[in-house]
Amino acid sequence: MSLKIKLKPHDKIIVNGAVIAADDKPVVITFLNNARILRQDDILLDSQIRDAMDADGGFYNDSWLYYLIQLIYIDPENSAEVQPQLETTVTLLCAEYPEKADDINEILALMAQGHFFKALKACKKTFPDCLQPKRKVIKNPESDTHHAETSTAI
């Protein structure tokens, strides 16, 4: 089963960790086998996350959850490095949004089954604004650090 992706001029996608950009003209790419693909509109950039972090580097919210899933999806070989941050983020999000705990657990179940793209989609459904990082950071109770609670759109 093949997958065709149409890219507009200057659009970017990530394929198996490699960033691919279209030139000045539209292009159609056909994938004839499975690949880890993220379109430009589904990518949360490292710079967006860094800009939204608080002064102490703490960042535990829905955007961070999406970003961590994205990292695992793009670079599964290094998923063990991300796992502790993912666990902390999930714990804090479930405490902050208890009404979304079942949805968050469904995201984790999809990840456990290896369905990372579906997990990203479920994260966007559960947290519709997760691709627009905000400066609202959930306080980590294990830390004495006070995190910013302001919201700044990027």
# chains A, B, ... in the order shown; residues from 1 in each chain; ligands from 1
$ residues_around --residues "Arg39 of chain A" --least-positions-apart "4" --cutoff "7 Å" --atoms "only C-alpha atoms" --output "PyMOL selection string"
chain A and resi 12-14+43
$ write_last_selection --atoms "N, CA and C atoms" --output "CSV table (one decimal), in the first residue's frame"
chain,number,residue,atom,x,y,z
A,12,LYS,N,8.0,21.3,4.3
A,12,LYS,CA,9.0,20.4,4.9
A,12,LYS,C,8.3,19.2,5.5
A,13,ILE,N,8.9,18.1,5.5
A,13,ILE,CA,8.4,16.9,6.2
A,13,ILE,C,9.6,16.2,6.8
A,14,ILE,N,9.4,15.4,7.8
A,14,ILE,CA,10.4,14.6,8.4
A,14,ILE,C,10.1,13.1,8.0
A,43,ILE,N,4.5,19.2,13.2
A,43,ILE,CA,5.8,19.2,13.9
A,43,ILE,C,5.9,20.3,14.9
$ select_by_dssp --residues "segment 58-149 of chain A" --states "alpha helix (DSSP H)" --output "VMD selection string"
chain A and resid 62 to 74 79 to 96 101 to 112 116 to 126
$ residues_around --residues "Leu32 of chain A" --least-positions-apart "3" --cutoff "10 Å" --atoms "only C-alpha atoms" --output "PyMOL selection string"
chain A and resi 1-4+29+35
$ residues_around --residues "Gly17 of chain A" --least-positions-apart "2" --cutoff "9 Å" --atoms "only C-alpha atoms" --output "list in words"
Ile14, Val15, Val19, Arg36, Ile37, Tyr73, Ile74 and Asp75 of chain A
$ decode --residues "segment 110-124 of chain A" --atoms "N, CA, C and O atoms" --output "mmCIF file, in the first residue's frame"
data_model
loop_
_atom_site.group_PDB
_atom_site.id
_atom_site.type_symbol
_atom_site.label_atom_id
_atom_site.label_comp_id
_atom_site.auth_asym_id
_atom_site.auth_seq_id
_atom_site.Cartn_x
_atom_site.Cartn_y
_atom_site.Cartn_z
ATOM 1 N N LEU A 110 -1.467 3.449 23.037
ATOM 2 C CA LEU A 110 -1.079 3.496 21.625
ATOM 3 C C LEU A 110 0.443 3.450 21.481
ATOM 4 O O LEU A 110 0.969 2.757 20.604
ATOM 5 N N MET A 111 1.132 4.170 22.343
ATOM 6 C CA MET A 111 2.589 4.163 22.303
ATOM 7 C C MET A 111 3.133 2.771 22.628
ATOM 8 O O MET A 111 4.063 2.289 21.976
ATOM 9 N N ALA A 112 2.551 2.126 23.633
ATOM 10 C CA ALA A 112 3.001 0.793 24.029
ATOM 11 C C ALA A 112 2.821 -0.214 22.888
ATOM 12 O O ALA A 112 3.590 -1.176 22.777
ATOM 13 N N GLN A 113 1.832 0.014 22.040
ATOM 14 C CA GLN A 113 1.578 -0.850 20.883
ATOM 15 C C GLN A 113 2.430 -0.462 19.674
ATOM 16 O O GLN A 113 2.339 -1.087 18.618
ATOM 17 N N GLY A 114 3.227 0.610 19.821
ATOM 18 C CA GLY A 114 4.074 1.055 18.721
ATOM 19 C C GLY A 114 3.377 1.956 17.724
ATOM 20 O O GLY A 114 3.907 2.232 16.656
ATOM 21 N N HIS A 115 2.199 2.467 18.068
ATOM 22 C CA HIS A 115 1.428 3.336 17.172
ATOM 23 C C HIS A 115 1.674 4.810 17.545
ATOM 24 O O HIS A 115 0.794 5.496 18.044
ATOM 25 N N PHE A 116 2.868 5.284 17.278
ATOM 26 C CA PHE A 116 3.256 6.617 17.723
ATOM 27 C C PHE A 116 2.550 7.724 16.953
ATOM 28 O O PHE A 116 2.208 8.753 17.526
ATOM 29 N N PHE A 117 2.324 7.533 15.653
ATOM 30 C CA PHE A 117 1.604 8.556 14.902
ATOM 31 C C PHE A 117 0.174 8.669 15.418
ATOM 32 O O PHE A 117 -0.351 9.763 15.591
ATOM 33 N N LYS A 118 -0.461 7.541 15.687
ATOM 34 C CA LYS A 118 -1.806 7.558 16.271
ATOM 35 C C LYS A 118 -1.788 8.203 17.651
ATOM 36 O O LYS A 118 -2.736 8.894 18.037
ATOM 37 N N ALA A 119 -0.714 7.993 18.409
ATOM 38 C CA ALA A 119 -0.588 8.631 19.721
ATOM 39 C C ALA A 119 -0.494 10.150 19.580
ATOM 40 O O ALA A 119 -1.076 10.892 20.374
ATOM 41 N N LEU A 120 0.222 10.616 18.562
ATOM 42 C CA LEU A 120 0.301 12.058 18.305
ATOM 43 C C LEU A 120 -1.075 12.613 17.958
ATOM 44 O O LEU A 120 -1.474 13.675 18.455
ATOM 45 N N LYS A 121 -1.824 11.886 17.123
ATOM 46 C CA LYS A 121 -3.174 12.328 16.770
ATOM 47 C C LYS A 121 -4.078 12.346 17.998
ATOM 48 O O LYS A 121 -4.865 13.280 18.176
ATOM 49 N N ALA A 122 -3.962 11.344 18.842
ATOM 50 C CA ALA A 122 -4.772 11.294 20.063
ATOM 51 C C ALA A 122 -4.396 12.422 21.012
ATOM 52 O O ALA A 122 -5.267 13.000 21.679
ATOM 53 N N CYS A 123 -3.124 12.776 21.055
ATOM 54 C CA CYS A 123 -2.677 13.888 21.896
ATOM 55 C C CYS A 123 -3.287 15.188 21.394
ATOM 56 O O CYS A 123 -3.760 16.010 22.191
ATOM 57 N N LYS A 124 -3.305 15.381 20.068
ATOM 58 C CA LYS A 124 -3.919 16.592 19.498
ATOM 59 C C LYS A 124 -5.416 16.629 19.762
ATOM 60 O O LYS A 124 -5.987 17.695 19.975
#
